[in-house]
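> Starting off with a structure, shown below.
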Amino acid sequence: DTAVSQTPKYLVTQMGNDKSIKCEQNLGHDTMYWYKQDSKKFLKIMFSYNNKELIINETVPNRFSPKSPDKAHLNLHINSLELGDSAVYFCASSQGTLRHAEAFFGQGTRLTVV
Amino acid sequence: AQSVAQPEDQVNVAEGNPLTVKCTYSVSGNPYLFWYVQYPNRGLQFLLKYITGDNLVKGSYGFEAEFNKSQTSFHLKKPSALVSDSALYFCAVRDGSSSNTGKLIFGQGTTLQVKP
């Protein structure tokens with residue numbers, strides 16, 4: 001069983017389109033995250049939800065809107081896609097926001113905007 | 001502000017030799033440090049973490065890391081490298097600010113290349 005699963009794994013779309021990435025975790029965690037990995041492999045957090053409540057929003061353009069329907073799911077919707085949005089997006093989860101709790105990551109969604 | 005630095009973009013080592021991937025950190029308060037590995041076209045896999053206690057932490061796949069408070073370092077090590085260890089390695093620190101958000105701050109990553 002995959003602990004943190006994202007769909008789709010690859011997404012190629014045109015500029016201006018709207019797209020969503022879905023994430024589900026079966027670890028029973030209550031905290032979920034979206035991270036962005038750029039072309040230089042640098043990882044940076046975008047959003048974090050704890051018990052369906054948004055707790056981190058890291059100066060991400062408001063074209064990006066996360067949504068957590070329940071503790072096991074965190075989806076990412078992106079409006080009006082731009083070339084610069086091309087990246088790998090990783091979903092992750094952890095048990096709470098405690099500093100010692102490791103995060104578990106999904107396999108990533110490679111988004112290519114053309 | 002918390003930060004993590006991995007001074008080497010790439011580390012090359014021969015199979016069977018010991019390997020070290022370097023990481024230094026800057027945090028306020030106690031550091032909570034992590035190592036992750038990313039294989040090509042895969043997600044990040046947790047290797048090990050330092051919370052408190054012994055300075056030598058053992059993790060998955062034979063990896064270990066040495067915490068050095070005076071040098072603010074948390075280097076990843078393995079006594080004998082395997083070709084299959086070739087991957088991208090990330091050091092990370094947990095945000096130690098008063099707002100407990102669970103945010104991980106990553107270093108820029110180090111590519112480990114193990115040659116037969």
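Identifiers in the structure tokens: chain A, B, ... in order shown; residue index from 1 per chain; ligand index from 1 in order shown.
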Show me, as a PDB file with N, CA, C and O atoms, in the first residue's frame, the residues of chain A whose atoms get within 9 Å of chain B, using only C-alpha atoms for the distance check.

ATOM      1  N   THR A  31      -1.583  16.046   9.447  1.00  0.00           N
ATOM      2  CA  THR A  31      -0.945  17.214   8.856  1.00  0.00           C
ATOM      3  C   THR A  31      -0.444  16.860   7.463  1.00  0.00           C
ATOM      4  O   THR A  31       0.209  15.831   7.270  1.00  0.00           O
ATOM      5  N   TYR A  33       1.111  18.524   3.537  1.00  0.00           N
ATOM      6  CA  TYR A  33       1.896  19.618   2.981  1.00  0.00           C
ATOM      7  C   TYR A  33       1.951  19.527   1.454  1.00  0.00           C
ATOM      8  O   TYR A  33       1.841  18.443   0.881  1.00  0.00           O
ATOM      9  N   LYS A  40      16.192  23.326 -10.381  1.00  0.00           N
ATOM     10  CA  LYS A  40      17.500  23.114  -9.749  1.00  0.00           C
ATOM     11  C   LYS A  40      17.396  22.170  -8.556  1.00  0.00           C
ATOM     12  O   LYS A  40      18.329  22.062  -7.770  1.00  0.00           O
ATOM     13  N   LYS A  41      16.250  21.517  -8.428  1.00  0.00           N
ATOM     14  CA  LYS A  41      16.007  20.506  -7.385  1.00  0.00           C
ATOM     15  C   LYS A  41      15.807  21.120  -6.004  1.00  0.00           C
ATOM     16  O   LYS A  41      15.775  20.386  -5.023  1.00  0.00           O
ATOM     17  N   PHE A  42      15.671  22.437  -5.949  1.00  0.00           N
ATOM     18  CA  PHE A  42      15.472  23.071  -4.655  1.00  0.00           C
ATOM     19  C   PHE A  42      14.040  22.850  -4.193  1.00  0.00           C
ATOM     20  O   PHE A  42      13.098  23.048  -4.954  1.00  0.00           O
ATOM     21  N   LEU A  43      13.882  22.457  -2.931  1.00  0.00           N
ATOM     22  CA  LEU A  43      12.575  22.154  -2.363  1.00  0.00           C
ATOM     23  C   LEU A  43      12.124  23.261  -1.437  1.00  0.00           C
ATOM     24  O   LEU A  43      12.868  23.680  -0.544  1.00  0.00           O
ATOM     25  N   LYS A  44      10.881  23.681  -1.636  1.00  0.00           N
ATOM     26  CA  LYS A  44      10.362  24.720  -0.763  1.00  0.00           C
ATOM     27  C   LYS A  44       8.894  24.452  -0.453  1.00  0.00           C
ATOM     28  O   LYS A  44       8.140  24.049  -1.327  1.00  0.00           O
ATOM     29  N   ILE A  45       8.522  24.699   0.775  1.00  0.00           N
ATOM     30  CA  ILE A  45       7.143  24.449   1.171  1.00  0.00           C
ATOM     31  C   ILE A  45       6.232  25.504   0.552  1.00  0.00           C
ATOM     32  O   ILE A  45       6.612  26.660   0.354  1.00  0.00           O
ATOM     33  N   SER A  48       0.615  24.104   4.169  1.00  0.00           N
ATOM     34  CA  SER A  48       0.481  23.052   5.154  1.00  0.00           C
ATOM     35  C   SER A  48      -0.903  23.121   5.772  1.00  0.00           C
ATOM     36  O   SER A  48      -1.413  24.217   6.032  1.00  0.00           O
ATOM     37  N   TYR A  49      -1.489  21.962   5.994  1.00  0.00           N
ATOM     38  CA  TYR A  49      -2.788  21.867   6.644  1.00  0.00           C
ATOM     39  C   TYR A  49      -2.659  20.953   7.854  1.00  0.00           C
ATOM     40  O   TYR A  49      -2.047  19.888   7.780  1.00  0.00           O
ATOM     41  N   ASN A  50      -3.264  21.382   8.928  1.00  0.00           N
ATOM     42  CA  ASN A  50      -3.342  20.557  10.126  1.00  0.00           C
ATOM     43  C   ASN A  50      -4.805  20.393  10.498  1.00  0.00           C
ATOM     44  O   ASN A  50      -5.499  21.386  10.718  1.00  0.00           O
ATOM     45  N   ILE A  55      -2.332  26.166   7.842  1.00  0.00           N
ATOM     46  CA  ILE A  55      -1.431  26.743   8.822  1.00  0.00           C
ATOM     47  C   ILE A  55      -0.184  27.352   8.192  1.00  0.00           C
ATOM     48  O   ILE A  55       0.529  28.095   8.854  1.00  0.00           O
ATOM     49  N   ILE A  56       0.111  27.010   6.967  1.00  0.00           N
ATOM     50  CA  ILE A  56       1.213  27.652   6.251  1.00  0.00           C
ATOM     51  C   ILE A  56       0.728  28.038   4.866  1.00  0.00           C
ATOM     52  O   ILE A  56       0.128  27.242   4.159  1.00  0.00           O
ATOM     53  N   PHE A  90       5.373  18.012  -4.687  1.00  0.00           N
ATOM     54  CA  PHE A  90       5.331  16.882  -3.764  1.00  0.00           C
ATOM     55  C   PHE A  90       4.331  17.132  -2.657  1.00  0.00           C
ATOM     56  O   PHE A  90       4.311  18.198  -2.035  1.00  0.00           O
ATOM     57  N   SER A  94       2.592  14.256   7.905  1.00  0.00           N
ATOM     58  CA  SER A  94       3.273  13.920   9.153  1.00  0.00           C
ATOM     59  C   SER A  94       2.224  13.824  10.258  1.00  0.00           C
ATOM     60  O   SER A  94       1.098  14.312  10.110  1.00  0.00           O
ATOM     61  N   GLY A  96       1.033  15.289  13.145  1.00  0.00           N
ATOM     62  CA  GLY A  96       1.122  16.552  13.839  1.00  0.00           C
ATOM     63  C   GLY A  96       2.226  17.432  13.288  1.00  0.00           C
ATOM     64  O   GLY A  96       2.867  17.122  12.276  1.00  0.00           O
ATOM     65  N   THR A  97       2.435  18.535  13.946  1.00  0.00           N
ATOM     66  CA  THR A  97       3.464  19.479  13.534  1.00  0.00           C
ATOM     67  C   THR A  97       4.643  19.455  14.499  1.00  0.00           C
ATOM     68  O   THR A  97       5.465  20.356  14.512  1.00  0.00           O
ATOM     69  N   LEU A  98       4.702  18.389  15.284  1.00  0.00           N
ATOM     70  CA  LEU A  98       5.798  18.278  16.238  1.00  0.00           C
ATOM     71  C   LEU A  98       7.131  18.258  15.522  1.00  0.00           C
ATOM     72  O   LEU A  98       7.260  17.651  14.447  1.00  0.00           O
ATOM     73  N   ARG A  99       8.114  18.862  16.116  1.00  0.00           N
ATOM     74  CA  ARG A  99       9.379  19.057  15.420  1.00  0.00           C
ATOM     75  C   ARG A  99      10.129  17.754  15.166  1.00  0.00           C
ATOM     76  O   ARG A  99      10.960  17.691  14.267  1.00  0.00           O
ATOM     77  N   HIS A 100       9.849  16.726  15.953  1.00  0.00           N
ATOM     78  CA  HIS A 100      10.570  15.470  15.752  1.00  0.00           C
ATOM     79  C   HIS A 100       9.881  14.534  14.758  1.00  0.00           C
ATOM     80  O   HIS A 100      10.417  13.483  14.433  1.00  0.00           O
ATOM     81  N   ALA A 101       8.721  14.905  14.304  1.00  0.00           N
ATOM     82  CA  ALA A 101       7.939  14.010  13.434  1.00  0.00           C
ATOM     83  C   ALA A 101       8.421  14.113  11.995  1.00  0.00           C
ATOM     84  O   ALA A 101       8.317  15.173  11.373  1.00  0.00           O
ATOM     85  N   GLU A 102       8.912  13.000  11.457  1.00  0.00           N
ATOM     86  CA  GLU A 102       9.356  13.033  10.065  1.00  0.00           C
ATOM     87  C   GLU A 102       8.155  13.104   9.127  1.00  0.00           C
ATOM     88  O   GLU A 102       7.055  12.649   9.447  1.00  0.00           O
ATOM     89  N   ALA A 103       8.394  13.695   7.976  1.00  0.00           N
ATOM     90  CA  ALA A 103       7.360  13.789   6.955  1.00  0.00           C
ATOM     91  C   ALA A 103       7.550  12.671   5.934  1.00  0.00           C
ATOM     92  O   ALA A 103       8.670  12.273   5.631  1.00  0.00           O
ATOM     93  N   PHE A 104       6.447  12.161   5.436  1.00  0.00           N
ATOM     94  CA  PHE A 104       6.458  11.138   4.403  1.00  0.00           C
ATOM     95  C   PHE A 104       5.959  11.766   3.109  1.00  0.00           C
ATOM     96  O   PHE A 104       4.931  12.437   3.106  1.00  0.00           O
ATOM     97  N   PHE A 105       6.696  11.510   2.033  1.00  0.00           N
ATOM     98  CA  PHE A 105       6.425  12.187   0.777  1.00  0.00           C
ATOM     99  C   PHE A 105       5.810  11.257  -0.258  1.00  0.00           C
ATOM    100  O   PHE A 105       6.115  10.055  -0.296  1.00  0.00           O
ATOM    101  N   GLY A 106       4.981  11.846  -1.112  1.00  0.00           N
ATOM    102  CA  GLY A 106       4.496  11.142  -2.278  1.00  0.00           C
ATOM    103  C   GLY A 106       5.568  11.094  -3.355  1.00  0.00           C
ATOM    104  O   GLY A 106       6.657  11.640  -3.194  1.00  0.00           O
ATOM    105  N   GLN A 107       5.227  10.466  -4.475  1.00  0.00           N
ATOM    106  CA  GLN A 107       6.221  10.268  -5.531  1.00  0.00           C
ATOM    107  C   GLN A 107       6.382  11.495  -6.417  1.00  0.00           C
ATOM    108  O   GLN A 107       7.264  11.540  -7.268  1.00  0.00           O
ATOM    109  N   GLY A 108       5.532  12.506  -6.193  1.00  0.00           N
ATOM    110  CA  GLY A 108       5.670  13.740  -6.952  1.00  0.00           C
ATOM    111  C   GLY A 108       4.800  13.784  -8.192  1.00  0.00           C
ATOM    112  O   GLY A 108       4.452  12.749  -8.770  1.00  0.00           O
ATOM    113  N   ARG A 110       5.020  15.726 -11.807  1.00  0.00           N
ATOM    114  CA  ARG A 110       5.822  16.592 -12.675  1.00  0.00           C
ATOM    115  C   ARG A 110       4.892  17.374 -13.574  1.00  0.00           C
ATOM    116  O   ARG A 110       4.260  16.809 -14.475  1.00  0.00           O
TER     117      ARG A 110
END
> Would you list, as a list in words, the residues of chain B that end up in helix (DSSP H, G or I) under DSSP run on this structure's backbone?
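These are the residues in question: Ser60, Tyr61, Gly62, Val83, Ser84 and Asp85 of chain B.
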> Quick one: residues within 10 Å of Glu8 in chain B, only C-alpha atoms, excluding same-chain residues fewer than 2 positions away - as a count of residues only?
12
> Run DSSP on the backbone and tell me which residues of chain A come out as strand (DSSP E or B); list them as a ChimeraX atom specification.
/A:4-7,10-13,19-25,31-37,43-50,53-57,64-70,73-78,87-94,104-105,109-113
> With only C-alpha atoms as the counted atoms, please give the residues lying no more than 6 Å from Tyr25 in chain B, apart from itself and same-chain residues fewer than 6 positions off, as a PDB file with N, CA and C atoms, in the first residue's frame.

ATOM      1  N   SER B   3      18.165  27.825   8.606  1.00  0.00           N
ATOM      2  CA  SER B   3      18.698  27.529   7.280  1.00  0.00           C
ATOM      3  C   SER B   3      19.545  26.273   7.328  1.00  0.00           C
ATOM      4  N   VAL B   4      19.712  25.684   6.158  1.00  0.00           N
ATOM      5  CA  VAL B   4      20.513  24.478   6.008  1.00  0.00           C
ATOM      6  C   VAL B   4      21.395  24.659   4.788  1.00  0.00           C
ATOM      7  N   THR B  72      27.902  22.914  14.310  1.00  0.00           N
ATOM      8  CA  THR B  72      26.556  23.009  13.706  1.00  0.00           C
ATOM      9  C   THR B  72      26.482  22.190  12.429  1.00  0.00           C
TER      10      THR B  72
END
> Tell me which of B:His75, B:Pro40, B:Thr24, B:Glu15 sits closest to Val57 in chain B, counting only C-alpha atoms.
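The answer is B:His75, which sits nearest to Val57 in chain B.
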> Which residues are near Phe67 in chain B? Cut-off 6 Å, only C-alpha atoms, ignore same chain within fewer than 5 positions. Put them as a PDB file with N, CA, C and O atoms, in the first residue's frame.

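As written to disk, result-v8.pdb reads:
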ATOM      1  N   ASN B  55      24.956  11.467  19.600  1.00  0.00           N
ATOM      2  CA  ASN B  55      25.330  12.278  18.441  1.00  0.00           C
ATOM      3  C   ASN B  55      25.402  11.471  17.164  1.00  0.00           C
ATOM      4  O   ASN B  55      25.341  12.029  16.072  1.00  0.00           O
ATOM      5  N   SER B  73      26.885  20.938  12.549  1.00  0.00           N
ATOM      6  CA  SER B  73      26.890  20.071  11.377  1.00  0.00           C
ATOM      7  C   SER B  73      26.127  18.790  11.650  1.00  0.00           C
ATOM      8  O   SER B  73      25.951  18.376  12.796  1.00  0.00           O
ATOM      9  N   PHE B  74      25.692  18.179  10.566  1.00  0.00           N
ATOM     10  CA  PHE B  74      24.949  16.920  10.644  1.00  0.00           C
ATOM     11  C   PHE B  74      25.273  16.145   9.374  1.00  0.00           C
ATOM     12  O   PHE B  74      24.465  16.019   8.471  1.00  0.00           O
TER      13      PHE B  74
END
> Tell me which protein, DNA and RNA residues are within 8 Å of Ala87 in chain A, counting only C-alpha atoms, leaving out same-chain ones fewer than 2 positions away, and put them as a VMD selection string.
chain A and resid 36 to 39 84 to 85 89 110 to 112
> Can you list, as a count of residues only, every protein, DNA or RNA residue that comes within 9 Å of Leu76 in chain A when you count only C-alpha atoms, leaving out same-chain residues fewer than 6 positions away?
11
